[in-house]
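Notes for the one structure printed next.
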Amino acid sequence: HRCASQESDITDMQGFRALLSREFGAAAPEALAHYEQVVPIFSGSGSAQAEALRVRRLLGALSDDMWYFAGTRHMADLLAGSVGAASVFLYIFEGLRRSEHGDDITFWRGTAPVPVATKMAEYLAHFAASGDPNGPDLPEWSAHVPGSASVMGLGSRIGMRAVDDEDRERHAFLVREYFSKRLPSELRRCEPSSDSAAPSGCPAPAA
């Protein structure tokens with residue numbers, strides 16, 4: 001998936017670097033290096049308009065990783081590695097067009113007029129019945145194991161495929177420096193004490 005573009009008050013590289021410093025601290029230079037590989041400098045980058053476009057793409061790549069790609073793989077690793085866990089099946093939807101969050105719903109229902117939708121509906125039916133999406137005449141879908149370098153691709157081609165090394169390194173960085181450090185610290189900060197309200201910037205406790 002690709003998330004829908006959102007307006008941001010960060011429009012230049014100075015703002016983007018400040019964001020990385022806030023979120024990753026001392027690891028901000030490594031974060032910047034990862035995302036400059038995803039969105040390299042392109043021609044005409046000397047203009048403010050070109051810089052704003054690049055920053056928007058950098059923000060989009062970071063958001064996609066944190067909300068979808070790296071976040072999903074991290075959750076799959078945690079689930080698959082837990083004691084007595086049921087099998088976890090991870091996929092990436094590579095529909096026949098640019099897809100946004102939730103666009104795969106009609107494919108899982110089998111109602112989209114493309115062959116992959118039929119296969120996806122069959123996978124879902126098997127999974128609902130047995131907890132395993134595999135079935136006759138379907139490409140094998142391997143259960144996820146922590147640290148796996150492969151994922152099921154659902155698109156014009158259906159089957160397990162390798163995850164790009166650069167993507168894996170970037171996702172591992174986010175797990176190490178954000179999901180395992182920054183996120184827990186924010187959650188602890190947002191735990192209100194018995195005699196105080198939730199800190200500024202944190203959701204207020206339910207009444």
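Numbering starts fresh at 1 for the residues of each chain in the structure tokens, the chains themselves are lettered A, B, ... in the order given, and ligands are numbered from 1 as they appear.
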Point to revise | Shell of 6 Å around segment 92-94 of chain A, only C-alpha atoms, local chain residues under 5 positions omitted, as number ranges by chain | key: A: 153-155
Hey, which bits of segment 132-202 of chain A sit within 10 Å of segment 19-35 of chain A, and for each residue what's the closest pair of atoms and how far apart in Å (one decimal), counting only C-alpha atoms, rows by chain and increasing number, as a tab-separated table?
```
residue	atom	partner	partner_atom	distance
A:Glu166	CA	A:His34	CA	8.3
A:Asp167	CA	A:His34	CA	9.1
A:Glu169	CA	A:His34	CA	8.5
A:Arg170	CA	A:His34	CA	6.1
A:His171	CA	A:His34	CA	9.6
A:Phe173	CA	A:Ala31	CA	7.8
A:Leu174	CA	A:Ala31	CA	8.3
A:Glu177	CA	A:Phe24	CA	6.5
A:Tyr178	CA	A:Phe24	CA	6.8
A:Lys181	CA	A:Phe24	CA	8.9
A:Arg182	CA	A:Glu23	CA	6.9
A:Leu183	CA	A:Glu23	CA	9.2
```
Dump all heavy atoms for the selected residues as a tab-separated table (two decimals), in the first residue's frame?
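The new file result23.tsv reads:
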```
chain	number	residue	atom	x	y	z
A	166	GLU	N	17.94	-3.42	0.84
A	166	GLU	CA	17.90	-2.03	1.32
A	166	GLU	C	16.66	-1.79	2.16
A	166	GLU	O	16.72	-1.12	3.20
A	166	GLU	CB	17.92	-1.08	0.12
A	166	GLU	CG	17.93	0.40	0.49
A	166	GLU	CD	17.94	1.29	-0.74
A	166	GLU	OE1	18.79	1.05	-1.63
A	166	GLU	OE2	17.10	2.22	-0.81
A	167	ASP	N	15.52	-2.34	1.74
A	167	ASP	CA	14.29	-2.21	2.51
A	167	ASP	C	14.43	-2.89	3.87
A	167	ASP	O	14.01	-2.35	4.90
A	167	ASP	CB	13.10	-2.81	1.76
A	167	ASP	CG	12.70	-1.98	0.55
A	167	ASP	OD1	13.13	-0.81	0.45
A	167	ASP	OD2	11.96	-2.52	-0.30
A	169	GLU	N	17.14	-3.46	5.61
A	169	GLU	CA	18.05	-2.70	6.47
A	169	GLU	C	17.35	-1.47	7.04
A	169	GLU	O	17.52	-1.14	8.22
A	169	GLU	CB	19.30	-2.30	5.69
A	169	GLU	CG	20.20	-3.47	5.33
A	169	GLU	CD	21.36	-3.04	4.44
A	169	GLU	OE1	21.52	-1.82	4.22
A	169	GLU	OE2	22.09	-3.93	3.98
A	170	ARG	N	16.58	-0.80	6.19
A	170	ARG	CA	15.87	0.39	6.65
A	170	ARG	C	14.80	0.02	7.68
A	170	ARG	O	14.64	0.71	8.70
A	170	ARG	CB	15.24	1.10	5.45
A	170	ARG	CG	14.72	2.49	5.74
A	170	ARG	CD	14.23	3.17	4.48
A	170	ARG	NE	13.05	2.54	3.90
A	170	ARG	CZ	13.08	1.76	2.81
A	170	ARG	NH1	14.20	1.55	2.15
A	170	ARG	NH2	11.96	1.22	2.35
A	171	HIS	N	14.08	-1.05	7.44
A	171	HIS	CA	13.06	-1.47	8.38
A	171	HIS	C	13.67	-1.92	9.70
A	171	HIS	O	13.13	-1.64	10.78
A	171	HIS	CB	12.22	-2.60	7.77
A	171	HIS	CG	11.47	-2.19	6.55
A	171	HIS	ND1	10.88	-3.10	5.69
A	171	HIS	CD2	11.22	-0.96	6.02
A	171	HIS	CE1	10.30	-2.44	4.69
A	171	HIS	NE2	10.50	-1.15	4.87
A	173	PHE	N	16.38	-0.77	10.97
A	173	PHE	CA	16.77	0.46	11.64
A	173	PHE	C	15.58	1.06	12.39
A	173	PHE	O	15.69	1.47	13.55
A	173	PHE	CB	17.31	1.47	10.62
A	173	PHE	CG	17.41	2.87	11.16
A	173	PHE	CD1	18.49	3.24	11.96
A	173	PHE	CD2	16.42	3.81	10.89
A	173	PHE	CE1	18.57	4.53	12.48
A	173	PHE	CE2	16.50	5.09	11.39
A	173	PHE	CZ	17.57	5.45	12.19
A	174	LEU	N	14.41	1.11	11.74
A	174	LEU	CA	13.22	1.67	12.39
A	174	LEU	C	12.80	0.84	13.60
A	174	LEU	O	12.39	1.39	14.62
A	174	LEU	CB	12.07	1.75	11.39
A	174	LEU	CG	12.20	2.82	10.31
A	174	LEU	CD1	11.04	2.72	9.33
A	174	LEU	CD2	12.25	4.22	10.92
A	177	GLU	N	15.57	1.68	16.32
A	177	GLU	CA	15.68	3.05	16.81
A	177	GLU	C	14.33	3.73	17.10
A	177	GLU	O	14.31	4.75	17.78
A	177	GLU	CB	16.47	3.90	15.81
A	177	GLU	CG	17.89	3.43	15.59
A	177	GLU	CD	18.75	3.52	16.85
A	177	GLU	OE1	18.42	4.33	17.73
A	177	GLU	OE2	19.75	2.78	16.94
A	178	TYR	N	13.25	3.18	16.58
A	178	TYR	CA	11.95	3.81	16.84
A	178	TYR	C	11.02	2.89	17.62
A	178	TYR	O	10.62	3.20	18.74
A	178	TYR	CB	11.28	4.27	15.55
A	178	TYR	CG	10.01	5.06	15.82
A	178	TYR	CD1	10.09	6.41	16.12
A	178	TYR	CD2	8.77	4.45	15.82
A	178	TYR	CE1	8.94	7.14	16.40
A	178	TYR	CE2	7.61	5.17	16.11
A	178	TYR	CZ	7.70	6.52	16.39
A	178	TYR	OH	6.57	7.23	16.69
A	181	LYS	N	12.72	1.86	20.92
A	181	LYS	CA	13.24	2.92	21.79
A	181	LYS	C	12.26	4.08	21.92
A	181	LYS	O	11.71	4.35	22.98
A	181	LYS	CB	14.58	3.44	21.26
A	181	LYS	CG	15.72	2.46	21.35
A	181	LYS	CD	17.01	3.11	20.84
A	181	LYS	CE	18.18	2.15	20.90
A	181	LYS	NZ	19.42	2.78	20.37
A	182	ARG	N	12.08	4.80	20.84
A	182	ARG	CA	11.29	6.02	20.88
A	182	ARG	C	9.83	5.76	21.25
A	182	ARG	O	9.26	6.44	22.10
A	182	ARG	CB	11.38	6.71	19.50
A	182	ARG	CG	10.43	7.87	19.28
A	182	ARG	CD	10.84	9.08	20.07
A	182	ARG	NE	10.09	10.25	19.60
A	182	ARG	CZ	9.97	11.36	20.30
A	182	ARG	NH1	10.55	11.46	21.47
A	182	ARG	NH2	9.28	12.38	19.82
A	183	LEU	N	9.21	4.76	20.63
A	183	LEU	CA	7.81	4.49	20.89
A	183	LEU	C	7.57	4.10	22.35
A	183	LEU	O	6.68	4.66	23.00
A	183	LEU	CB	7.30	3.41	19.93
A	183	LEU	CG	5.81	3.12	19.98
A	183	LEU	CD1	4.98	4.37	19.73
A	183	LEU	CD2	5.45	2.04	18.96
```
Exercise for review: Enumerate, as a count of residues only, the complete set of residues in segment 47-178 of chain A that a backbone-based DSSP assignment places in alpha helix (DSSP H).
Suggested key: 59
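With distances restricted to only C-alpha atoms, A:Val39 is the closest residue to Ala61 of chain A from A:Ala112, A:Ala76, A:Val39, A:Met152.
Nearest to Glu36 of chain A of all the residues A:Val116, A:Leu53, A:Leu58, A:Ile105 is A:Leu58, counting only C-alpha atoms.
Relative to atom CA of His144 of chain A, atom CA of Leu90 of chain A is found at 6.2 Å.
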Check your understanding: Near Ala143 of chain A, counting only C-alpha atoms, which residues have an atom at most 7 Å away, once you skip same-chain residues fewer than 2 positions from it, shown as an MDAnalysis selection string?
Key -> chainID A and resid 87:89 141 145
